[in-house]
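Next comes run-v8.cif, with mmCIF, C-alpha atoms.
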```
data_structure
#
loop_
_atom_site.label_atom_id
_atom_site.label_comp_id
_atom_site.auth_asym_id
_atom_site.auth_seq_id
_atom_site.Cartn_x
_atom_site.Cartn_y
_atom_site.Cartn_z
CA MET R 1 127.91 84.86 167.40
CA ASN R 2 127.20 85.18 171.15
CA ASN R 3 130.14 87.58 171.49
CA SER R 4 128.49 90.33 169.46
CA THR R 5 126.23 91.64 172.25
CA SER R 6 125.93 91.25 175.99
CA PHE R 7 122.12 91.22 176.05
CA LEU R 8 121.33 88.76 173.25
CA ARG R 9 122.14 85.06 173.40
CA PHE R 10 121.64 82.62 170.54
CA THR R 11 120.66 79.13 171.57
CA GLY R 12 119.73 75.96 169.79
CA GLY R 13 118.92 72.43 170.66
CA TRP R 14 118.38 69.13 168.96
CA ASN R 15 118.55 65.40 169.45
CA THR R 16 117.49 62.40 167.39
CA LEU R 17 113.81 62.81 168.32
CA LYS R 18 113.18 66.57 168.29
CA VAL R 19 114.45 69.88 166.96
CA CYS R 20 113.56 73.18 168.62
CA PHE R 21 113.20 76.11 166.25
CA LEU R 22 111.84 79.49 167.32
CA ASP R 23 108.61 78.70 169.19
CA ILE R 24 108.00 75.21 167.83
CA GLU R 25 109.34 71.75 168.53
CA VAL R 26 109.35 69.36 165.60
CA LEU R 27 109.12 65.83 166.96
CA LYS R 28 109.72 62.43 165.40
CA GLU R 29 107.75 59.63 166.94
CA GLU R 30 110.08 56.82 167.90
CA GLY R 31 109.79 53.88 165.54
CA LYS R 32 107.64 55.80 163.07
CA ASP R 33 108.36 57.92 160.01
CA VAL R 34 105.94 60.63 161.16
CA LEU R 35 106.78 64.16 162.25
CA GLY R 36 104.68 66.08 164.71
CA SER R 37 104.86 69.55 166.15
CA VAL R 38 104.07 71.29 169.38
CA ILE R 39 104.33 74.93 170.41
CA SER R 40 107.06 75.61 172.93
CA TYR R 41 108.06 78.52 175.10
CA LYS R 42 111.63 79.27 176.08
CA HIS R 43 112.36 79.26 179.80
CA VAL R 44 113.12 82.99 179.61
CA ALA R 45 109.80 83.85 177.93
CA SER R 46 107.73 86.46 179.76
CA ASN R 47 103.96 86.71 179.72
CA GLY R 48 103.91 89.71 177.38
CA LEU R 49 100.21 89.55 176.52
CA LEU R 50 98.22 92.79 176.57
CA HIS R 51 96.75 93.36 180.04
CA TYR R 52 92.97 93.29 180.20
CA SER R 53 92.85 96.63 182.02
CA SER R 54 94.41 98.42 179.04
CA MET R 55 92.35 101.01 177.21
CA HIS R 56 92.23 98.97 174.01
CA PRO R 57 88.78 98.24 172.54
CA THR R 58 87.15 94.98 173.62
CA TYR R 59 87.36 93.51 170.11
CA VAL R 60 91.15 93.84 170.24
CA LYS R 61 91.28 91.81 173.45
CA TYR R 62 89.03 89.14 171.91
CA SER R 63 91.24 89.10 168.82
CA ILE R 64 94.36 88.54 170.91
CA ILE R 65 92.80 85.51 172.55
CA LYS R 66 91.60 84.21 169.19
CA GLY R 67 95.00 84.76 167.57
CA GLN R 68 96.80 82.88 170.34
CA LEU R 69 94.32 79.99 170.16
CA VAL R 70 94.61 79.75 166.37
CA ARG R 71 98.41 79.81 166.65
CA LEU R 72 98.28 77.06 169.26
CA HIS R 73 96.05 74.88 167.09
CA ARG R 74 98.19 75.40 163.99
CA LEU R 75 101.50 74.64 165.67
CA THR R 76 100.36 71.65 167.75
CA ASN R 77 99.15 68.47 166.12
CA ASP R 78 99.00 66.26 169.24
CA GLU R 79 95.48 66.44 170.73
CA THR R 80 96.64 65.21 174.15
CA LYS R 81 99.21 67.99 174.41
CA LEU R 82 96.81 70.54 172.94
CA ASP R 83 94.43 70.34 175.89
CA SER R 84 97.18 71.05 178.42
CA LEU R 85 98.56 73.87 176.25
CA VAL R 86 95.10 75.49 176.04
CA GLU R 87 94.90 75.32 179.83
CA GLU R 88 98.38 76.85 180.06
CA LEU R 89 97.31 79.63 177.69
CA HIS R 90 94.22 80.21 179.81
CA CYS R 91 96.47 80.69 182.87
CA ARG R 92 98.60 83.18 180.95
CA PHE R 93 95.51 85.25 180.09
CA LYS R 94 94.18 84.92 183.65
CA ASN R 95 97.48 86.30 184.95
CA ARG R 96 96.96 89.31 182.67
CA GLY R 97 93.51 90.03 184.14
CA TYR R 98 91.27 88.43 181.50
CA PRO R 99 87.97 87.10 182.89
CA LEU R 100 87.39 83.37 182.51
CA GLU R 101 84.10 84.00 180.69
CA ILE R 102 85.77 85.94 177.85
CA PHE R 103 88.47 83.30 177.32
CA ASN R 104 85.86 80.50 177.33
CA GLU R 105 83.59 82.42 174.95
CA VAL R 106 86.40 82.81 172.39
CA LEU R 107 87.52 79.21 172.97
CA ASN R 108 84.00 77.87 172.37
CA ILE R 109 83.60 79.89 169.18
CA ASN R 110 86.95 78.59 167.89
CA CYS R 111 86.21 75.00 168.93
CA ASN R 112 82.83 75.08 167.17
CA LYS R 113 84.44 76.40 163.97
CA GLU R 114 87.24 73.81 164.23
CA ALA R 115 84.77 71.00 164.86
CA THR R 116 82.58 71.92 161.89
CA ARG R 117 85.40 72.76 159.47
CA GLY R 118 85.99 69.15 158.43
CA ASN R 119 82.54 67.90 159.36
CA THR R 120 80.38 67.83 156.27
CA GLN R 121 77.39 66.07 157.85
CA GLY R 122 74.51 68.41 157.09
CA ASN R 123 76.84 71.08 155.68
CA GLN R 124 78.19 70.45 152.20
CA ASP R 125 79.32 74.04 151.64
CA TRP R 126 82.83 74.06 153.08
CA VAL R 127 85.98 74.78 151.09
CA THR R 128 89.49 73.36 151.06
CA SER R 129 92.37 75.80 151.51
CA MET R 130 95.48 75.18 149.43
CA LEU R 131 98.84 76.92 149.41
CA LEU R 132 100.75 76.85 146.14
CA VAL R 133 104.31 77.87 145.43
CA PHE R 134 104.27 80.95 143.23
CA THR R 135 105.72 80.31 139.79
CA ILE R 136 105.25 81.73 136.33
CA ASP R 137 102.57 79.05 135.83
CA SER R 138 100.65 79.76 139.06
CA LYS R 139 97.66 81.37 137.34
CA GLU R 140 97.29 78.46 134.93
CA ILE R 141 97.60 75.92 137.77
CA LYS R 142 94.98 77.80 139.79
CA ASP R 143 92.63 77.90 136.79
CA ILE R 144 93.04 74.17 136.10
CA ILE R 145 92.31 73.26 139.73
CA SER R 146 89.36 75.66 140.00
CA ASN R 147 87.82 74.63 136.67
CA ASN R 148 88.06 70.91 137.40
CA TRP R 149 87.14 70.93 141.08
CA ARG R 150 83.50 70.34 140.19
CA ILE R 151 84.51 66.83 139.02
CA LEU R 152 85.72 66.02 142.55
CA ALA R 153 82.79 67.78 144.22
CA SER R 154 80.22 65.95 142.07
CA ASN R 155 80.98 62.70 143.90
CA SER R 156 79.44 62.87 147.40
CA ASN R 157 82.18 60.68 148.93
CA LEU R 158 84.95 62.87 147.50
CA ARG R 159 83.07 66.07 148.35
CA ALA R 160 83.02 64.94 152.00
CA VAL R 161 86.84 64.96 151.87
CA VAL R 162 87.70 67.89 149.59
CA GLY R 163 84.70 70.23 150.00
CA VAL R 164 82.75 72.09 147.35
CA ALA R 165 85.46 74.49 146.23
CA PRO R 166 89.20 75.17 146.57
CA LEU R 167 90.50 78.30 148.21
CA LEU R 168 93.80 79.05 146.49
#
```

Represent the structure of the file as structure tokens.
Amino acid sequence: MNNSTSFLRFTGGWNTLKVCFLDIEVLKEEGKDVLGSVISYKHVASNGLLHYSSMHPTYVKYSIIKGQLVRLHRLTNDETKLDSLVEELHCRFKNRGYPLEIFNEVLNINCNKEATRGNTQGNQDWVTSMLLVFTIDSKEIKDIISNNWRILASNSNLRAVVGVAPLL
């Protein structure tokens, strides 16, 4: 496959503890039957983020920061690695001219949403997101879950885990 072009190289890597695929590493904790994931960047990756001095509207620049932070949180499940990756992302934005205040503002907004998403103390109105495989029965499955969710939500202990409504 690497003989087809001179400018494109296909690479891959794996061992018994991790598999690298696109921009994610899937890791197996040694001695455990648990998989984890962390975002990864190839050694040839460039810092291709939009420069802050571009003529794009401010909301676009905020959205780029938010999108990168959301991506980082979704692809990394190890909290200890997440902190260092957020700092690394901050450096990438700093190198592209983004002021520290803007990055921190978006980070704080995202952290507050993340912190309150699963926290139902004082806020019982959060929802659980669910992804279903589309089949011929998907509408019926969605209706069954939606119509019976109130049974789960009527118990305060269960509601603290599942929320007041499903988002399908």

Assuming the chain letters and numbering stay as they are in my file, what does the PyMOL selection byres ((chain R and resi 45-60) around 9) actually select? List them as a short mmCIF file (atom, residue, chain, number, x, y, z; two decimals) with C-alpha atoms, in the coordinates of the input.
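Result file is out.cif:
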```
data_model
loop_
_atom_site.label_atom_id
_atom_site.label_comp_id
_atom_site.auth_asym_id
_atom_site.auth_seq_id
_atom_site.Cartn_x
_atom_site.Cartn_y
_atom_site.Cartn_z
CA TYR R 41 108.06 78.52 175.10
CA LYS R 42 111.63 79.27 176.08
CA HIS R 43 112.36 79.26 179.80
CA VAL R 44 113.12 82.99 179.61
CA LYS R 61 91.28 91.81 173.45
CA TYR R 62 89.03 89.14 171.91
CA SER R 63 91.24 89.10 168.82
CA ILE R 64 94.36 88.54 170.91
CA ILE R 65 92.80 85.51 172.55
CA ARG R 92 98.60 83.18 180.95
CA PHE R 93 95.51 85.25 180.09
CA ASN R 95 97.48 86.30 184.95
CA ARG R 96 96.96 89.31 182.67
CA GLY R 97 93.51 90.03 184.14
CA TYR R 98 91.27 88.43 181.50
CA PRO R 99 87.97 87.10 182.89
#
```

Kindly give the distance, in Å, that separates CA of Ile136 (chain R) and CA of Leu152 (chain R), rounded to a single decimal.
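Taking CA of Ile136 (chain R) as the start and CA of Leu152 (chain R) as the end point, the length is 25.8 Å.
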
Any chance you could resolve the PyMOL selection byres ((chain R and resi 76) around 12) against this file and give the residues as number ranges by chain?
R: 23-27, 35-40, 69-75, 77-86

Using C-alpha atoms, can you export the residues from the last selection as a compact mmCIF listing (two decimals), keeping the file's coordinate frame?
```txt
# COMPACT_ATOMS: atom_id res chain seq x y z
CA ASP R 23 108.61 78.70 169.19
CA ILE R 24 108.00 75.21 167.83
CA GLU R 25 109.34 71.75 168.53
CA VAL R 26 109.35 69.36 165.60
CA LEU R 27 109.12 65.83 166.96
CA LEU R 35 106.78 64.16 162.25
CA GLY R 36 104.68 66.08 164.71
CA SER R 37 104.86 69.55 166.15
CA VAL R 38 104.07 71.29 169.38
CA ILE R 39 104.33 74.93 170.41
CA SER R 40 107.06 75.61 172.93
CA LEU R 69 94.32 79.99 170.16
CA VAL R 70 94.61 79.75 166.37
CA ARG R 71 98.41 79.81 166.65
CA LEU R 72 98.28 77.06 169.26
CA HIS R 73 96.05 74.88 167.09
CA ARG R 74 98.19 75.40 163.99
CA LEU R 75 101.50 74.64 165.67
CA ASN R 77 99.15 68.47 166.12
CA ASP R 78 99.00 66.26 169.24
CA GLU R 79 95.48 66.44 170.73
CA THR R 80 96.64 65.21 174.15
CA LYS R 81 99.21 67.99 174.41
CA LEU R 82 96.81 70.54 172.94
CA ASP R 83 94.43 70.34 175.89
CA SER R 84 97.18 71.05 178.42
CA LEU R 85 98.56 73.87 176.25
CA VAL R 86 95.10 75.49 176.04
```

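Of note, CA of Val161 (chain R) and CA of Gly31 (chain R) are spaced 28.9 Å apart.
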
Suppose a student applies the PyMOL selection byres ((chain R and resi 139-150) around 12) to this structure; what residues should they get, written as a ChimeraX atom specification?
/R:127-138,151-156,158-159,162-168

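Here CA of Arg9 (chain R) is placed at a distance of 13.2 Å from CA of Leu22 (chain R).
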
Would you give the centre and edge lengths, in Å to one decimal, of a box along x, y and z around the listed atoms of region 53-63 of chain R, with 4 Å added to each side, as JSON?
```
{"center_x": 90.8, "center_y": 95.1, "center_z": 175.4, "size_x": 15.3, "size_y": 19.9, "size_z": 21.2}
```
